[in-house]
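Enquirer: Input file: data18.cif. Contents: mmCIF, C-alpha atoms.
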data_structure
loop_
_atom_site.group_PDB
_atom_site.id
_atom_site.type_symbol
_atom_site.label_atom_id
_atom_site.label_comp_id
_atom_site.auth_asym_id
_atom_site.auth_seq_id
_atom_site.Cartn_x
_atom_site.Cartn_y
_atom_site.Cartn_z
ATOM 1 C CA MET A 1 -62.565 -21.780 63.196
ATOM 2 C CA ASN A 2 -61.343 -24.086 60.425
ATOM 3 C CA PRO A 3 -59.974 -21.832 57.619
ATOM 4 C CA ILE A 4 -62.021 -23.630 54.954
ATOM 5 C CA TYR A 5 -65.177 -22.226 56.543
ATOM 6 C CA GLU A 6 -63.930 -18.673 56.930
ATOM 7 C CA ARG A 7 -64.996 -16.257 54.237
ATOM 8 C CA SER A 8 -62.078 -14.695 52.466
ATOM 9 C CA ARG A 9 -62.202 -10.917 52.732
ATOM 10 C CA THR A 10 -60.032 -10.432 49.684
ATOM 11 C CA VAL A 11 -61.802 -12.234 46.835
ATOM 12 C CA THR A 12 -61.656 -10.140 43.699
ATOM 13 C CA VAL A 13 -63.390 -11.039 40.445
ATOM 14 C CA ARG A 14 -61.815 -9.590 37.318
ATOM 15 C CA PRO A 15 -61.727 -10.289 33.590
ATOM 16 C CA ALA A 16 -59.381 -13.158 32.827
ATOM 17 C CA ARG A 17 -56.043 -12.509 31.122
ATOM 18 C CA PRO A 18 -53.736 -14.733 29.062
ATOM 19 C CA GLY A 19 -51.469 -15.121 32.106
ATOM 20 C CA ASP A 20 -54.304 -16.926 33.923
ATOM 21 C CA THR A 21 -54.282 -19.845 31.486
ATOM 22 C CA GLU A 22 -52.360 -22.347 33.591
ATOM 23 C CA ALA A 23 -54.328 -21.654 36.771
ATOM 24 C CA VAL A 24 -57.623 -22.008 34.902
ATOM 25 C CA ARG A 25 -56.418 -25.185 33.197
ATOM 26 C CA ALA A 26 -55.400 -26.672 36.558
ATOM 27 C CA ILE A 27 -58.901 -26.049 37.966
ATOM 28 C CA ARG A 28 -60.512 -27.525 34.823
ATOM 29 C CA ASN A 29 -58.248 -30.576 34.858
ATOM 30 C CA HIS A 30 -59.010 -31.208 38.531
ATOM 31 C CA ALA A 31 -62.738 -31.114 37.719
ATOM 32 C CA ILE A 32 -62.172 -33.473 34.789
ATOM 33 C CA ALA A 33 -60.292 -35.963 36.954
ATOM 34 C CA HIS A 34 -62.417 -35.820 40.096
ATOM 35 C CA SER A 35 -65.968 -34.713 39.297
ATOM 36 C CA THR A 36 -68.878 -35.059 36.927
ATOM 37 C CA ALA A 37 -68.993 -31.318 36.257
ATOM 38 C CA LEU A 38 -67.199 -31.762 32.914
ATOM 39 C CA TRP A 39 -68.315 -34.816 30.962
ATOM 40 C CA THR A 40 -64.915 -35.882 29.694
ATOM 41 C CA GLN A 41 -62.110 -37.901 31.175
ATOM 42 C CA THR A 42 -59.429 -36.403 28.928
ATOM 43 C CA PRO A 43 -57.403 -33.645 30.614
ATOM 44 C CA GLN A 44 -56.648 -30.483 28.654
ATOM 45 C CA SER A 45 -53.109 -30.118 27.363
ATOM 46 C CA ALA A 46 -51.358 -26.774 27.760
ATOM 47 C CA ALA A 47 -52.084 -25.940 24.111
ATOM 48 C CA GLU A 48 -55.749 -26.936 24.408
ATOM 49 C CA GLY A 49 -56.150 -24.926 27.602
ATOM 50 C CA ALA A 50 -54.597 -21.863 25.981
ATOM 51 C CA ALA A 51 -56.831 -22.154 22.897
ATOM 52 C CA TRP A 52 -59.947 -22.690 25.026
ATOM 53 C CA LEU A 53 -59.294 -19.634 27.191
ATOM 54 C CA ARG A 54 -58.168 -17.513 24.229
ATOM 55 C CA ALA A 55 -61.581 -18.019 22.564
ATOM 56 C CA HIS A 56 -63.292 -16.717 25.713
ATOM 57 C CA LEU A 57 -60.834 -13.817 26.041
ATOM 58 C CA GLU A 58 -61.563 -12.769 22.454
ATOM 59 C CA ARG A 59 -65.296 -12.655 23.276
ATOM 60 C CA GLY A 60 -64.668 -10.962 26.627
ATOM 61 C CA THR A 61 -66.571 -13.703 28.455
ATOM 62 C CA ALA A 62 -64.025 -15.086 30.949
ATOM 63 C CA TYR A 63 -63.556 -14.066 34.576
ATOM 64 C CA VAL A 64 -61.315 -15.234 37.398
ATOM 65 C CA ALA A 65 -61.556 -14.925 41.159
ATOM 66 C CA GLU A 66 -58.378 -14.073 43.033
ATOM 67 C CA ALA A 67 -57.775 -14.474 46.753
ATOM 68 C CA GLU A 68 -54.529 -13.993 48.565
ATOM 69 C CA GLY A 69 -52.670 -13.632 45.284
ATOM 70 C CA GLU A 70 -53.877 -16.807 43.624
ATOM 71 C CA ILE A 71 -56.614 -17.794 41.181
ATOM 72 C CA VAL A 72 -59.270 -19.629 43.200
ATOM 73 C CA GLY A 73 -61.978 -19.911 40.566
ATOM 74 C CA PHE A 74 -63.039 -18.997 37.080
ATOM 75 C CA ALA A 75 -66.239 -18.546 35.130
ATOM 76 C CA VAL A 76 -67.075 -18.219 31.457
ATOM 77 C CA TYR A 77 -70.088 -17.907 29.262
ATOM 78 C CA ALA A 78 -70.326 -18.955 25.658
ATOM 79 C CA PRO A 79 -72.943 -19.420 22.983
ATOM 80 C CA TRP A 80 -75.386 -22.112 24.067
ATOM 81 C CA ARG A 81 -75.650 -23.494 20.523
ATOM 82 C CA ASP A 82 -73.770 -22.619 17.335
ATOM 83 C CA LEU A 83 -76.762 -21.878 15.094
ATOM 84 C CA ASP A 84 -77.585 -18.178 14.670
ATOM 85 C CA GLY A 85 -81.118 -18.661 15.997
ATOM 86 C CA PHE A 86 -79.568 -19.226 19.430
ATOM 87 C CA ARG A 87 -77.316 -16.133 19.276
ATOM 88 C CA HIS A 88 -79.093 -14.376 22.161
ATOM 89 C CA THR A 89 -78.756 -17.320 24.565
ATOM 90 C CA VAL A 90 -75.545 -18.170 26.380
ATOM 91 C CA GLU A 91 -74.415 -20.980 28.662
ATOM 92 C CA ASP A 92 -72.504 -20.384 31.879
ATOM 93 C CA SER A 93 -69.730 -22.399 33.544
ATOM 94 C CA VAL A 94 -68.474 -21.667 37.068
ATOM 95 C CA TYR A 95 -65.616 -23.544 38.747
ATOM 96 C CA VAL A 96 -64.019 -23.051 42.150
ATOM 97 C CA ARG A 97 -60.658 -24.516 43.096
ATOM 98 C CA GLU A 98 -60.757 -27.594 45.325
ATOM 99 C CA GLY A 99 -60.691 -26.613 48.992
ATOM 100 C CA ARG A 100 -62.201 -23.167 48.346
ATOM 101 C CA HIS A 101 -65.895 -24.119 48.073
ATOM 102 C CA GLY A 102 -68.435 -22.508 50.386
ATOM 103 C CA LEU A 103 -66.584 -19.187 50.591
ATOM 104 C CA GLY A 104 -68.769 -17.159 48.230
ATOM 105 C CA ILE A 105 -66.372 -17.464 45.290
ATOM 106 C CA GLY A 106 -68.887 -19.182 43.015
ATOM 107 C CA SER A 107 -71.503 -16.553 43.854
ATOM 108 C CA ALA A 108 -69.108 -13.712 43.066
ATOM 109 C CA LEU A 109 -68.184 -15.306 39.748
ATOM 110 C CA LEU A 110 -71.781 -16.050 38.738
ATOM 111 C CA ALA A 111 -72.842 -12.501 39.603
ATOM 112 C CA ALA A 112 -70.093 -11.145 37.328
ATOM 113 C CA LEU A 113 -71.132 -13.456 34.483
ATOM 114 C CA ILE A 114 -74.789 -12.531 34.712
ATOM 115 C CA ALA A 115 -73.986 -8.814 34.760
ATOM 116 C CA SER A 116 -71.667 -9.195 31.770
ATOM 117 C CA ALA A 117 -74.176 -11.250 29.754
ATOM 118 C CA ARG A 118 -76.931 -8.752 30.523
ATOM 119 C CA GLU A 119 -74.705 -5.810 29.558
ATOM 120 C CA ALA A 120 -73.806 -7.584 26.303
ATOM 121 C CA GLY A 121 -77.518 -7.719 25.450
ATOM 122 C CA HIS A 122 -78.107 -11.444 25.778
ATOM 123 C CA HIS A 123 -81.648 -12.635 26.380
ATOM 124 C CA ALA A 124 -81.084 -15.690 28.602
ATOM 125 C CA VAL A 125 -78.435 -17.757 30.351
ATOM 126 C CA ILE A 126 -78.676 -21.544 30.373
ATOM 127 C CA ALA A 127 -76.983 -23.752 32.959
ATOM 128 C CA ASP A 128 -76.500 -27.396 31.985
ATOM 129 C CA ILE A 129 -75.672 -29.159 35.269
ATOM 130 C CA GLU A 130 -75.104 -32.803 36.146
ATOM 131 C CA SER A 131 -78.218 -33.593 38.190
ATOM 132 C CA GLY A 132 -76.291 -34.811 41.222
ATOM 133 C CA ASN A 133 -74.382 -31.537 41.533
ATOM 134 C CA THR A 134 -76.694 -30.074 44.162
ATOM 135 C CA GLY A 135 -74.226 -27.313 45.079
ATOM 136 C CA SER A 136 -74.295 -25.906 41.554
ATOM 137 C CA ILE A 137 -78.056 -26.289 41.303
ATOM 138 C CA ARG A 138 -78.543 -24.386 44.593
ATOM 139 C CA LEU A 139 -76.102 -21.678 43.471
ATOM 140 C CA HIS A 140 -78.058 -21.130 40.272
ATOM 141 C CA GLU A 141 -81.391 -21.153 42.123
ATOM 142 C CA ARG A 142 -80.120 -18.382 44.436
ATOM 143 C CA PHE A 143 -79.555 -16.231 41.343
ATOM 144 C CA GLY A 144 -83.058 -16.844 39.993
ATOM 145 C CA PHE A 145 -82.407 -19.691 37.560
ATOM 146 C CA HIS A 146 -85.400 -21.997 37.150
ATOM 147 C CA HIS A 147 -85.377 -25.706 36.387
ATOM 148 C CA VAL A 148 -86.714 -26.186 32.869
ATOM 149 C CA GLY A 149 -86.020 -29.871 32.360
ATOM 150 C CA THR A 150 -83.974 -32.950 33.011
ATOM 151 C CA VAL A 151 -82.545 -35.197 30.339
ATOM 152 C CA PRO A 152 -82.137 -38.685 31.803
ATOM 153 C CA GLU A 153 -78.943 -40.566 31.024
ATOM 154 C CA ALA A 154 -77.663 -37.825 28.711
ATOM 155 C CA GLY A 155 -74.010 -38.816 29.136
ATOM 156 C CA THR A 156 -71.578 -41.062 30.935
ATOM 157 C CA LYS A 157 -68.557 -40.687 33.148
ATOM 158 C CA PHE A 158 -66.798 -42.923 35.656
ATOM 159 C CA GLY A 159 -68.745 -45.910 34.318
ATOM 160 C CA ARG A 160 -72.225 -44.610 35.054
ATOM 161 C CA TRP A 161 -74.995 -42.759 33.249
ATOM 162 C CA LEU A 162 -75.517 -39.096 34.157
ATOM 163 C CA ASP A 163 -78.699 -37.039 34.056
ATOM 164 C CA LEU A 164 -78.564 -33.445 32.850
ATOM 165 C CA THR A 165 -80.486 -30.721 34.687
ATOM 166 C CA ILE A 166 -81.195 -27.680 32.526
ATOM 167 C CA MET A 167 -81.805 -24.338 34.222
ATOM 168 C CA ARG A 168 -82.587 -20.943 32.690
ATOM 169 C CA LEU A 169 -82.314 -17.316 33.771
ATOM 170 C CA PRO A 170 -84.069 -14.668 31.663
ATOM 171 C CA LEU A 171 -82.001 -11.488 31.366
ATOM 172 C CA THR A 172 -84.557 -9.225 29.703
#
Let's see the structure in the file written out as structure tokens.

Expert:
Amino acid sequence: MNPIYERSRTVTVRPARPGDTEAVRAIRNHAIAHSTALWTQTPQSAAEGAAWLRAHLERGTAYVAEAEGEIVGFAVYAPWRDLDGFRHTVEDSVYVREGRHGLGIGSALLAALIASAREAGHHAVIADIESGNTGSIRLHERFGFHHVGTVPEAGTKFGRWLDLTIMRLPLT
């Protein structure tokens, strides 16, 4: 069988650490350059990547997936909006390294995020997903997220308008 379709038996999800910064940044920068998952075309510098992950580490909201001694994915959750009225709602982000999709890594990461957000006492998790990203939409549906709306032409990337699918999972 082609190794890309074999499930790794050794995927471990753990809280991220400062030493994971470069691996996480590499996955983010690949998504920036090659996908519509992140709506920017500006790669993160080393300093920006460190600051971004440090903010999540301070909140305790960053996880990585390891397989065969390497970081193969990461997931974070953060406040959905900055105003205090939204303080019980968080937004999730799940990324899997290129070539490692379809191996259950995204599911393992999302399960860890949901458990962590629930344990932290949050009320709901929001997923803002580019509408053409059917893999991410299906992943979230498998965990009970429901489609709550679509914002047409909410942003642009690669010279085209992108629609935003908004999904929600109640935690309480």

Enquirer: Near region 70-86 of chain A, within 8 Å and counting only C-alpha atoms, which residues show up once chain neighbours fewer than 4 positions away are dropped, as a list in words?

Expert: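 Non-adjacent residues within range: Asp20, Ala23, Val24, Ile27, His56, Thr61, Ala62, Tyr63, Val64, Ala65, Glu66, Val90, Glu91, Asp92, Ser93, Val94, Tyr95, Val96, Arg97, Arg100, Ile105, Gly106, Leu109, Leu110, Leu113, Ala117 and Ile126 of chain A.
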
Enquirer: Any chance you could resolve the PyMOL selection byres ((chain A and resi 28-44) around 8) against this file and give the residues as a list in words?

Expert: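 Going through the file, the PyMOL selection byres ((chain A and resi 28-44) around 8) ends up selecting Val24, Arg25, Ala26, Ile27, Ser45, Ala46, Ala47, Glu48, Gly49, Tyr95, Glu98, Ile129, Glu130, Asn133, Gly155, Thr156 and Lys157 of chain A.
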
Enquirer: CA of Ser116 (chain A) to CA of Glu68 (chain A): how many Å, to one decimal?

Expert: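 Taking CA of Ser116 (chain A) as the start and CA of Glu68 (chain A) as the end point, the length is 24.5 Å.
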
Enquirer: Could you spell out the hits of the PyMOL selection byres ((chain A and resi 143) around 9) on the shown file, as a list of chain:residue names?

Expert: A:Ser107, A:Leu110, A:Ala111, A:Ile114, A:Arg138, A:Leu139, A:His140, A:Glu141, A:Arg142, A:Gly144, A:Phe145, A:Leu169

Enquirer: Would you save the residues from that selection as a PDB file, in the frame of the given file, using C-alpha atoms?

Expert:
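Saved result, out.pdb, follows:
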ATOM      1  CA  SER A 107     -71.503 -16.553  43.854  1.00  0.00           C
ATOM      2  CA  LEU A 110     -71.781 -16.050  38.738  1.00  0.00           C
ATOM      3  CA  ALA A 111     -72.842 -12.501  39.603  1.00  0.00           C
ATOM      4  CA  ILE A 114     -74.789 -12.531  34.712  1.00  0.00           C
ATOM      5  CA  ARG A 138     -78.543 -24.386  44.593  1.00  0.00           C
ATOM      6  CA  LEU A 139     -76.102 -21.678  43.471  1.00  0.00           C
ATOM      7  CA  HIS A 140     -78.058 -21.130  40.272  1.00  0.00           C
ATOM      8  CA  GLU A 141     -81.391 -21.153  42.123  1.00  0.00           C
ATOM      9  CA  ARG A 142     -80.120 -18.382  44.436  1.00  0.00           C
ATOM     10  CA  GLY A 144     -83.058 -16.844  39.993  1.00  0.00           C
ATOM     11  CA  PHE A 145     -82.407 -19.691  37.560  1.00  0.00           C
ATOM     12  CA  LEU A 169     -82.314 -17.316  33.771  1.00  0.00           C
TER      13      LEU A 169
END

Enquirer: Between CA of Leu164 (chain A) and CA of Val151 (chain A), what is the distance in Å, rounded to a tenth?

Expert: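 Pair CA of Leu164 (chain A) / CA of Val151 (chain A) returns 5.0 Å.
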
Enquirer: Would you compute the box with edges along x, y and z of the file around region 133-149 of chain A, including every atom the file lists for it and 4 Å extra on each side, and give its centre and edge lengths in Å to one decimal, as lines of an AutoDock Vina configuration file?

Expert:
center_x = -80.5
center_y = -23.9
center_z = 38.7
size_x = 20.5
size_y = 23.3
size_z = 20.7

Enquirer: Check what the PyMOL selection byres ((chain A and resi 163) around 7) selects in the file above and give those residues as a ChimeraX atom specification.

Expert: /A:130-131,150-154,161-162,164-165

Enquirer: Quick check, in Å to one decimal: how far apart do CA of Pro18 (chain A) and CA of Arg59 (chain A) lie?

Expert: 13.1 Å

Enquirer: Point out the residue among A:Ala124, A:Gly149, A:Thr10, A:Glu119 with the least atom-to-atom distance to Gly69 (chain A), counting all atoms listed in the file.

Expert: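 Distance minimum relative to Gly69 (chain A) lands on A:Thr10.
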
Enquirer: Restricting the calculation to only C-alpha atoms, which member of A:His101, A:Arg160, A:Arg118, A:Arg168 is positioned closest to Gly135 (chain A)?

Expert: A:His101

Enquirer: Taking only N, CA, C and O atoms, show region 122-150 of chain A of the given structure as an mmCIF file, in the first residue's frame.

Expert:
data_model
loop_
_atom_site.group_PDB
_atom_site.id
_atom_site.type_symbol
_atom_site.label_atom_id
_atom_site.label_comp_id
_atom_site.auth_asym_id
_atom_site.auth_seq_id
_atom_site.Cartn_x
_atom_site.Cartn_y
_atom_site.Cartn_z
ATOM 1 N N HIS A 122 -15.078 26.993 28.178
ATOM 2 C CA HIS A 122 -15.633 27.771 27.073
ATOM 3 C C HIS A 122 -17.015 27.242 26.699
ATOM 4 O O HIS A 122 -17.335 26.076 26.932
ATOM 5 N N HIS A 123 -17.798 28.107 26.109
ATOM 6 C CA HIS A 123 -19.183 27.776 25.764
ATOM 7 C C HIS A 123 -19.322 27.218 24.350
ATOM 8 O O HIS A 123 -20.167 26.350 24.097
ATOM 9 N N ALA A 124 -18.517 27.724 23.409
ATOM 10 C CA ALA A 124 -18.640 27.289 22.015
ATOM 11 C C ALA A 124 -17.318 27.465 21.286
ATOM 12 O O ALA A 124 -16.500 28.303 21.659
ATOM 13 N N VAL A 125 -17.151 26.645 20.248
ATOM 14 C CA VAL A 125 -16.005 26.768 19.344
ATOM 15 C C VAL A 125 -16.551 27.125 17.970
ATOM 16 O O VAL A 125 -17.499 26.503 17.484
ATOM 17 N N ILE A 126 -15.929 28.123 17.358
ATOM 18 C CA ILE A 126 -16.288 28.556 16.009
ATOM 19 C C ILE A 126 -15.177 28.119 15.063
ATOM 20 O O ILE A 126 -13.995 28.206 15.388
ATOM 21 N N ALA A 127 -15.557 27.663 13.882
ATOM 22 C CA ALA A 127 -14.605 27.357 12.821
ATOM 23 C C ALA A 127 -14.948 28.248 11.636
ATOM 24 O O ALA A 127 -16.051 28.169 11.105
ATOM 25 N N ASP A 128 -14.031 29.123 11.277
ATOM 26 C CA ASP A 128 -14.168 29.958 10.083
ATOM 27 C C ASP A 128 -13.341 29.293 8.988
ATOM 28 O O ASP A 128 -12.112 29.254 9.072
ATOM 29 N N ILE A 129 -14.002 28.769 7.959
ATOM 30 C CA ILE A 129 -13.342 27.924 6.958
ATOM 31 C C ILE A 129 -13.635 28.461 5.560
ATOM 32 O O ILE A 129 -14.794 28.762 5.234
ATOM 33 N N GLU A 130 -12.609 28.529 4.737
ATOM 34 C CA GLU A 130 -12.809 28.901 3.335
ATOM 35 C C GLU A 130 -13.763 27.865 2.739
ATOM 36 O O GLU A 130 -13.557 26.659 2.891
ATOM 37 N N SER A 131 -14.817 28.323 2.094
ATOM 38 C CA SER A 131 -15.921 27.452 1.686
ATOM 39 C C SER A 131 -15.520 26.317 0.750
ATOM 40 O O SER A 131 -16.194 25.293 0.699
ATOM 41 N N GLY A 132 -14.440 26.460 0.035
ATOM 42 C CA GLY A 132 -13.990 25.390 -0.846
ATOM 43 C C GLY A 132 -13.158 24.336 -0.157
ATOM 44 O O GLY A 132 -12.798 23.321 -0.762
ATOM 45 N N ASN A 133 -12.869 24.520 1.113
ATOM 46 C CA ASN A 133 -12.043 23.572 1.867
ATOM 47 C C ASN A 133 -12.937 22.455 2.425
ATOM 48 O O ASN A 133 -13.230 22.392 3.613
ATOM 49 N N THR A 134 -13.372 21.581 1.527
ATOM 50 C CA THR A 134 -14.324 20.540 1.912
ATOM 51 C C THR A 134 -13.741 19.562 2.927
ATOM 52 O O THR A 134 -14.479 19.033 3.755
ATOM 53 N N GLY A 135 -12.438 19.337 2.898
ATOM 54 C CA GLY A 135 -11.821 18.440 3.881
ATOM 55 C C GLY A 135 -11.988 18.980 5.286
ATOM 56 O O GLY A 135 -12.344 18.240 6.213
ATOM 57 N N SER A 136 -11.737 20.258 5.478
ATOM 58 C CA SER A 136 -11.894 20.863 6.802
ATOM 59 C C SER A 136 -13.359 20.907 7.223
ATOM 60 O O SER A 136 -13.691 20.656 8.386
ATOM 61 N N ILE A 137 -14.229 21.208 6.291
ATOM 62 C CA ILE A 137 -15.661 21.228 6.613
ATOM 63 C C ILE A 137 -16.119 19.838 7.059
ATOM 64 O O ILE A 137 -16.801 19.699 8.081
ATOM 65 N N ARG A 138 -15.722 18.799 6.330
ATOM 66 C CA ARG A 138 -16.108 17.424 6.715
ATOM 67 C C ARG A 138 -15.517 17.046 8.069
ATOM 68 O O ARG A 138 -16.181 16.395 8.885
ATOM 69 N N LEU A 139 -14.265 17.417 8.316
ATOM 70 C CA LEU A 139 -13.644 17.141 9.612
ATOM 71 C C LEU A 139 -14.473 17.748 10.732
ATOM 72 O O LEU A 139 -14.809 17.075 11.716
ATOM 73 N N HIS A 140 -14.830 19.006 10.595
ATOM 74 C CA HIS A 140 -15.611 19.669 11.637
ATOM 75 C C HIS A 140 -17.005 19.054 11.782
ATOM 76 O O HIS A 140 -17.505 18.905 12.895
ATOM 77 N N GLU A 141 -17.621 18.679 10.680
ATOM 78 C CA GLU A 141 -18.934 18.020 10.755
ATOM 79 C C GLU A 141 -18.839 16.716 11.543
ATOM 80 O O GLU A 141 -19.743 16.397 12.335
ATOM 81 N N ARG A 142 -17.775 15.951 11.342
ATOM 82 C CA ARG A 142 -17.619 14.677 12.075
ATOM 83 C C ARG A 142 -17.547 14.903 13.582
ATOM 84 O O ARG A 142 -17.887 14.006 14.355
ATOM 85 N N PHE A 143 -17.127 16.073 14.012
ATOM 86 C CA PHE A 143 -17.048 16.372 15.439
ATOM 87 C C PHE A 143 -18.282 17.102 15.953
ATOM 88 O O PHE A 143 -18.297 17.558 17.097
ATOM 89 N N GLY A 144 -19.306 17.229 15.125
ATOM 90 C CA GLY A 144 -20.565 17.815 15.571
ATOM 91 C C GLY A 144 -20.715 19.293 15.305
ATOM 92 O O GLY A 144 -21.708 19.894 15.737
ATOM 93 N N PHE A 145 -19.790 19.913 14.596
ATOM 94 C CA PHE A 145 -19.959 21.319 14.228
ATOM 95 C C PHE A 145 -21.105 21.425 13.223
ATOM 96 O O PHE A 145 -21.274 20.555 12.371
ATOM 97 N N HIS A 146 -21.868 22.499 13.331
ATOM 98 C CA HIS A 146 -22.979 22.751 12.419
ATOM 99 C C HIS A 146 -22.718 24.026 11.635
ATOM 100 O O HIS A 146 -22.193 24.998 12.171
ATOM 101 N N HIS A 147 -23.119 24.016 10.391
ATOM 102 C CA HIS A 147 -23.001 25.194 9.526
ATOM 103 C C HIS A 147 -23.979 26.245 10.028
ATOM 104 O O HIS A 147 -25.170 25.969 10.172
ATOM 105 N N VAL A 148 -23.478 27.439 10.318
ATOM 106 C CA VAL A 148 -24.363 28.500 10.796
ATOM 107 C C VAL A 148 -24.448 29.670 9.824
ATOM 108 O O VAL A 148 -25.261 30.560 10.015
ATOM 109 N N GLY A 149 -23.611 29.653 8.792
ATOM 110 C CA GLY A 149 -23.713 30.715 7.797
ATOM 111 C C GLY A 149 -22.544 30.722 6.842
ATOM 112 O O GLY A 149 -21.506 30.107 7.089
ATOM 113 N N THR A 150 -22.756 31.422 5.747
ATOM 114 C CA THR A 150 -21.697 31.635 4.767
ATOM 115 C C THR A 150 -21.677 33.112 4.423
ATOM 116 O O THR A 150 -22.731 33.705 4.143
#
